[in-house]
Amino acid sequence: MDGADQPWTRSTCPYCGVGCGVLLRRDGDGGLEVKGDSAHPANLGRLCSKGTALGETVGLDHRLLRPRVNGQDAGWDDALQLVADRFSDTIARHGPDSVAFYVSGQLLTEDYYVANKLMKGFIGSANIDTNSRLCMASSVAGHKRTFGTDTVPGTYEDIDEADLVVLVGSNLAWCHPVLYQRLLAARKSRGTKIVVIDPRRTASCDGADMHLALQPGSDVALFNQLFTALYEGGALDKGYLARTEGFDATLEAARTSDLSVTGLDAEQVAAFCDLWMRTERVVTIYSQGVNQSTSGSDKVNAILNCHLATGRIGKAGCGPFSVTGQPNAMGGREVGGLANMLACHLDIENADHRGAVRCFWDAPRMPVAPGLKAVDMFRAVSEGRIKALWVIHTNPVVSMPEADAVRDAIAGCDFTVVSDITEQTDTARLAHVILPASAWAEKDGTVTNSDRTISRQRRVLPAPGEARPDWQIIAQVGQRMGFSRAFDYASPAEIFREYATLSGIAGRFGRDFDISGLSDMSDRAYDRLEPQRWPIAATRQGGRFFSDGAFYHPNGKARLLPVSWRPPAAKTGPRFPFRLNTGRVRDQWHTMTRTALSPRLSAHLAEPFLEIHPSDAARLGISAADLATVTSPTGNAILRARITDAVLPGQVFAPMHWTGETAPCARIDALVAAATDPVSGQPESKASVVAVSRLNAAWYGFAVSAAPMVLQCEYWAQSRAQAGYRAELAGSHPVQDWEAEARRLFAAREAVASTMTDAARGIARVVLHEDSRIIGALFVASTPVAVMRDYLATLPGTEAHEALTGRPPADVPNPGPVICSCFGVGVNTILDAVETQGALSVEAIGEVLRAGTNCGSCRPEIAELLQGLTAREAAE
């Protein structure tokens, strides 16, 4: 049956917390066709570049197909029994707190629930934490302190209906593009104003009315100033304030706050406060720039204070809105996947809550205190207090702060298990046991997005080899540990019903999370479950929270929280003068185990980079395309310099995606100190301190190959390309024989070589052929190599004769570096449309080339390109 004869399956995108609906169809060749689901309320048919390219990420060449024990293939029975025995033995010898699970927002809710139940109810430890600790733990803490529970008040429809949207520490245009398109649509239809609060000028600033480039970590001071202005301007809602407590202390803290620490102009701040004050419908969207801080919880509460004091919460077009970075970060919060929570928003330190969950599970034991949060968990591994560790669908050797120390800790752990879809990750390579898990398109379950919408993820592809769903792997270990009855699940639907029933108990405790209306769902109803927003109970269905001023503290009131600015934990100084900001790029996801499989997604930004201000670059002698060495107290990196005034002097920015598999010198979290928020335990990933210097390389290289390259030089970054692979290279030591080096690089000792060298100028070019077809080409120079990279990346496997020139023939189109990943539109194609078709605006480019008409996240880059042309013409 070919793809056209296959039915479409409704499912959910596995990337960010927007939770977009997708339609999936097998293409008849083992792959997938993907398109947006116009009936899903989160995206209404839109997909971003990553979602659009999902079909390119389901190949099997990277997949783990059977269990591996100590580097050797093993059967499932032996592997699961070994895991169960080693965990059981460790617990018997050293107690339940000697073991830990580190899980992920990539898990489905049913997987998460089973893992949490096994650790907390049957092992009897709270040592289960999640990579969502790195993403939204500060938001959880802020919500609980103010509301009494971890409640997201609003919905995506609030973005559609707002008259002012404030983006705080959120590059929505790149990190949540579908929501950004909703925002731009609101701007067009109702004139919604946009304010961006971010130390760095990002793509989200392109459509903004105001950009407040505050100093890193100073958000509390800014929102305290807003709180004061709201009070002094008479903008408070006294009726709503009656449903809160703590106002006087909060106002006193706000009025004594020092605005100067923000580095912002007082008139600009006054304009922002005035806009906020006179706009009734205000949504404040915040993300990692708020959460990833040693004062992240206080930042969240400073934002919540302003919305509560004005009653701008729980109403259409109003409210604070935390957007999450993973597809099921919310689901993980709901099932108690964090070390300091129980399932269904129940509290681990509440004896009544513990007793109810233990009784429901018929569990032998329950922890009475929170377990170790992520940073402390890996410190305990390093110190030998945790002796058995199970890592599920995450890559902490790359993503945790002080990543080198985490790598060493895991390498020294007595027993480490990794469940993943691939063994080709920095973390999996250190495991004693690797268990092959089903990937997102191969398993069934549910996820919850940022606005509390529960959606089904549905199986559309068969699991390859011996891969199994995560809930089944975890449950079978639980059975082998002696807990057979509690983990005798037959399907994810059965797990979901149990979870929904438990939520009814939470509802009777007065908790916000209650989906008990789904507890008696049949398997068929579960299969057909439509997206719906919780709560789903007899007493309440979906909607916004807090319009009635009823909260979840014992007295029913919200708590305004007095907060004061605290500087980032790390201090700049002569040795480390720069403040390092980290974040995402548009087309990559986490540590790239999925997105790096797509040549289209890798084409936009193919190697790691460091953004640095022109004045700092000039002072350090760094030119565009130079390599920069970046050093912190905890690690080192080598990154390509991108000189830009998007960052302020004294600040630098680097993305966090690259790994030991793709660019070993660019594991950026090795530079990030493991300082954490004292309330949430979330690390400060955006304010470490570093030194920067130019790397004085002896040579620079660029290579393309039909197969992965054997890379051994000081700096390299390899990515997928249209016809194989491409790599950037550099080394500190001269190479005497470049032809021999090329043969080693491409593992092609017998290939036919075409060469061109100029030793005096430090130039060498080597193209290797087999059966007249190019298998690899290497271009070397004493300065960063100037060749047509995107053209050369198409040559492996062809009989092209002009490869040594590094340029396409005159009659061959060269689209240039990709700007629009959705439609593969390059810079040169856009410039040609400007010259030949008079496409002088972003909209005109969209009409001619379609660029920017899907997810829209490339529109700021197109605008910048067109603006540069206009400025150049004016100068001439």
# chains A, B, ... in the order shown; residues from 1 in each chain; ligands from 1

$ closest_atom_pairs --of "stretch 486-602 of chain A" --to "stretch 327-332 of chain A" --cutoff "12 Å" --atoms "only C-alpha atoms" --output "JSON lines"
{"residue": "A:Phe496", "atom": "CA", "partner": "A:Gly331", "partner_atom": "CA", "distance": 11.8}
{"residue": "A:Tyr499", "atom": "CA", "partner": "A:Gly331", "partner_atom": "CA", "distance": 11.4}
{"residue": "A:Phe513", "atom": "CA", "partner": "A:Gly331", "partner_atom": "CA", "distance": 11.0}
{"residue": "A:Arg533", "atom": "CA", "partner": "A:Met330", "partner_atom": "CA", "distance": 12.0}
{"residue": "A:Trp534", "atom": "CA", "partner": "A:Gly331", "partner_atom": "CA", "distance": 11.2}
{"residue": "A:Trp589", "atom": "CA", "partner": "A:Pro327", "partner_atom": "CA", "distance": 11.4}
{"residue": "A:His590", "atom": "CA", "partner": "A:Pro327", "partner_atom": "CA", "distance": 11.8}

$ write_last_selection --atoms "N, CA, C and O atoms" --output "PDB file, in the first residue's frame"
ATOM      1  N   PHE A 496      -3.918   5.328  32.136  1.00  0.00           N
ATOM      2  CA  PHE A 496      -4.579   6.625  32.152  1.00  0.00           C
ATOM      3  C   PHE A 496      -5.822   6.605  33.032  1.00  0.00           C
ATOM      4  O   PHE A 496      -6.073   7.555  33.789  1.00  0.00           O
ATOM      5  N   TYR A 499      -4.752   6.813  36.640  1.00  0.00           N
ATOM      6  CA  TYR A 499      -4.279   8.175  36.910  1.00  0.00           C
ATOM      7  C   TYR A 499      -5.455   9.139  37.049  1.00  0.00           C
ATOM      8  O   TYR A 499      -5.509   9.961  37.984  1.00  0.00           O
ATOM      9  N   PHE A 513      -6.006  20.126  39.909  1.00  0.00           N
ATOM     10  CA  PHE A 513      -5.903  19.131  38.850  1.00  0.00           C
ATOM     11  C   PHE A 513      -6.880  17.993  39.119  1.00  0.00           C
ATOM     12  O   PHE A 513      -6.720  17.217  40.056  1.00  0.00           O
ATOM     13  N   ARG A 533      -9.036  20.556  27.551  1.00  0.00           N
ATOM     14  CA  ARG A 533      -8.281  21.257  28.588  1.00  0.00           C
ATOM     15  C   ARG A 533      -8.805  20.864  29.965  1.00  0.00           C
ATOM     16  O   ARG A 533     -10.005  20.813  30.202  1.00  0.00           O
ATOM     17  N   TRP A 534      -7.879  20.540  30.886  1.00  0.00           N
ATOM     18  CA  TRP A 534      -8.320  20.223  32.235  1.00  0.00           C
ATOM     19  C   TRP A 534      -8.570  21.518  33.019  1.00  0.00           C
ATOM     20  O   TRP A 534      -8.064  22.549  32.634  1.00  0.00           O
ATOM     21  N   TRP A 589      16.604  21.204  18.329  1.00  0.00           N
ATOM     22  CA  TRP A 589      15.823  20.824  19.507  1.00  0.00           C
ATOM     23  C   TRP A 589      16.737  20.133  20.514  1.00  0.00           C
ATOM     24  O   TRP A 589      17.417  19.154  20.196  1.00  0.00           O
ATOM     25  N   HIS A 590      16.791  20.665  21.714  1.00  0.00           N
ATOM     26  CA  HIS A 590      17.563  20.071  22.804  1.00  0.00           C
ATOM     27  C   HIS A 590      18.945  19.621  22.330  1.00  0.00           C
ATOM     28  O   HIS A 590      19.698  20.432  21.789  1.00  0.00           O
TER      29      HIS A 590
END

$ closest_residue --among "A:Pro734, A:Pro14, A:Gly549, A:Gly868" --to "A:Tyr240" --atoms "only C-alpha atoms"
A:Gly549

$ closest_residue --among "A:Gln215, A:Thr644, A:Asn127, A:Asn828" --to "A:Phe378" --atoms "only C-alpha atoms"
A:Asn127

$ closest_residue --among "A:Leu64, A:Met521, A:Ala717, A:Leu236" --to "A:Ile421" --atoms "only C-alpha atoms"
A:Leu64

$ closest_residue --among "A:Leu597, A:Ala441, A:Val477, A:Leu605" --to "A:Arg86" --atoms "only C-alpha atoms"
A:Val477

$ select_by_dssp --residues "stretch 90-183 of chain A" --states "strand (DSSP E)" --output "list of chain:residue names"
A:Val99, A:Ala100, A:Phe101, A:Tyr102, A:Val103, A:Ile128, A:Asp129, A:Thr130, A:Leu164, A:Val165, A:Val166, A:Leu167, A:Val168

$ closest_residue --among "A:Thr757, A:Asn449, A:Ser438, A:Ser484" --to "A:Pro464" --atoms "only C-alpha atoms"
A:Ser438

$ residues_around --residues "stretch 289-306 of chain A" --least-positions-apart "6" --cutoff "8 Å" --atoms "only C-alpha atoms" --output "count of residues only"
45

$ residues_around --residues "A:Ala730" --least-positions-apart "2" --cutoff "7 Å" --atoms "only C-alpha atoms" --output "list of chain:residue names"
A:Ala697, A:Trp699, A:Tyr700, A:Gly701, A:Cys713, A:Glu714, A:Tyr715, A:Trp716

$ write_last_selection --atoms "N, CA, C and O atoms" --output "short mmCIF file (atom, residue, chain, number, x, y, z; two decimals), in the first residue's frame"
data_model
loop_
_atom_site.label_atom_id
_atom_site.label_comp_id
_atom_site.auth_asym_id
_atom_site.auth_seq_id
_atom_site.Cartn_x
_atom_site.Cartn_y
_atom_site.Cartn_z
N ALA A 697 44.33 29.37 15.18
CA ALA A 697 44.44 28.08 14.50
C ALA A 697 45.52 28.13 13.43
O ALA A 697 45.73 29.16 12.77
N TRP A 699 45.28 26.16 10.82
CA TRP A 699 44.54 25.95 9.57
C TRP A 699 43.05 25.83 9.87
O TRP A 699 42.65 25.52 10.98
N TYR A 700 42.26 26.13 8.85
CA TYR A 700 40.81 26.00 8.91
C TYR A 700 40.37 25.12 7.76
O TYR A 700 41.00 25.13 6.69
N GLY A 701 39.28 24.36 7.95
CA GLY A 701 38.83 23.50 6.90
C GLY A 701 37.32 23.42 6.80
O GLY A 701 36.59 23.73 7.75
N CYS A 713 40.44 16.48 14.84
CA CYS A 713 41.19 17.73 15.02
C CYS A 713 40.68 18.49 16.25
O CYS A 713 39.71 18.11 16.90
N GLU A 714 41.32 19.60 16.52
CA GLU A 714 41.02 20.37 17.74
C GLU A 714 39.59 20.90 17.74
O GLU A 714 38.92 20.89 18.76
N TYR A 715 39.13 21.38 16.60
CA TYR A 715 37.76 21.86 16.50
C TYR A 715 37.10 21.18 15.30
O TYR A 715 37.64 21.14 14.20
N TRP A 716 35.92 20.63 15.53
CA TRP A 716 35.09 20.17 14.41
C TRP A 716 33.62 20.21 14.80
O TRP A 716 33.27 20.07 15.97
#

$ atom_distance --atom1 "atom CA of A:Phe147" --atom2 "atom CA of A:Ala356"
22.4 Å

$ residues_around --residues "A:Ala777" --least-positions-apart "6" --cutoff "8 Å" --atoms "only C-alpha atoms" --output "NGL selection string"
:A and (703-705 or 742 or 765-768 or 803)

$ atom_distance --atom1 "atom CA of A:Arg278" --atom2 "atom CA of A:Gly319"
15.2 Å

$ residues_around --residues "A:Thr805" --least-positions-apart "6" --cutoff "10 Å" --atoms "only C-alpha atoms" --output "list in words"
Met756, Arg765, Phe779, Val787, Met788 and Leu792 of chain A

$ write_last_selection --atoms "C-alpha atoms" --output "short mmCIF file (atom, residue, chain, number, x, y, z; two decimals), in the first residue's frame"
data_model
loop_
_atom_site.label_atom_id
_atom_site.label_comp_id
_atom_site.auth_asym_id
_atom_site.auth_seq_id
_atom_site.Cartn_x
_atom_site.Cartn_y
_atom_site.Cartn_z
CA MET A 756 45.22 21.49 -5.58
CA ARG A 765 41.91 21.18 -1.75
CA PHE A 779 39.00 22.55 1.53
CA VAL A 787 33.79 28.46 -0.48
CA MET A 788 30.15 28.00 -1.47
CA LEU A 792 29.33 21.85 -2.09
#

$ atom_distance --atom1 "atom CA of A:Ala748" --atom2 "atom CA of A:Ile763"
21.5 Å

$ residues_around --residues "A:Phe609" --least-positions-apart "2" --cutoff "6 Å" --atoms "only C-alpha atoms" --output "list in words"
Leu639, Arg640, Ala641 and Ala654 of chain A

$ closest_residue --among "A:Tyr15, A:His62, A:Leu518, A:Pro531" --to "A:Asp37" --atoms "only C-alpha atoms"
A:Pro531

$ select_by_dssp --residues "stretch 730-815 of chain A" --states "helix (DSSP H, G or I)" --output "PyMOL selection string"
chain A and resi 738-745+759-761+789-792+803-805
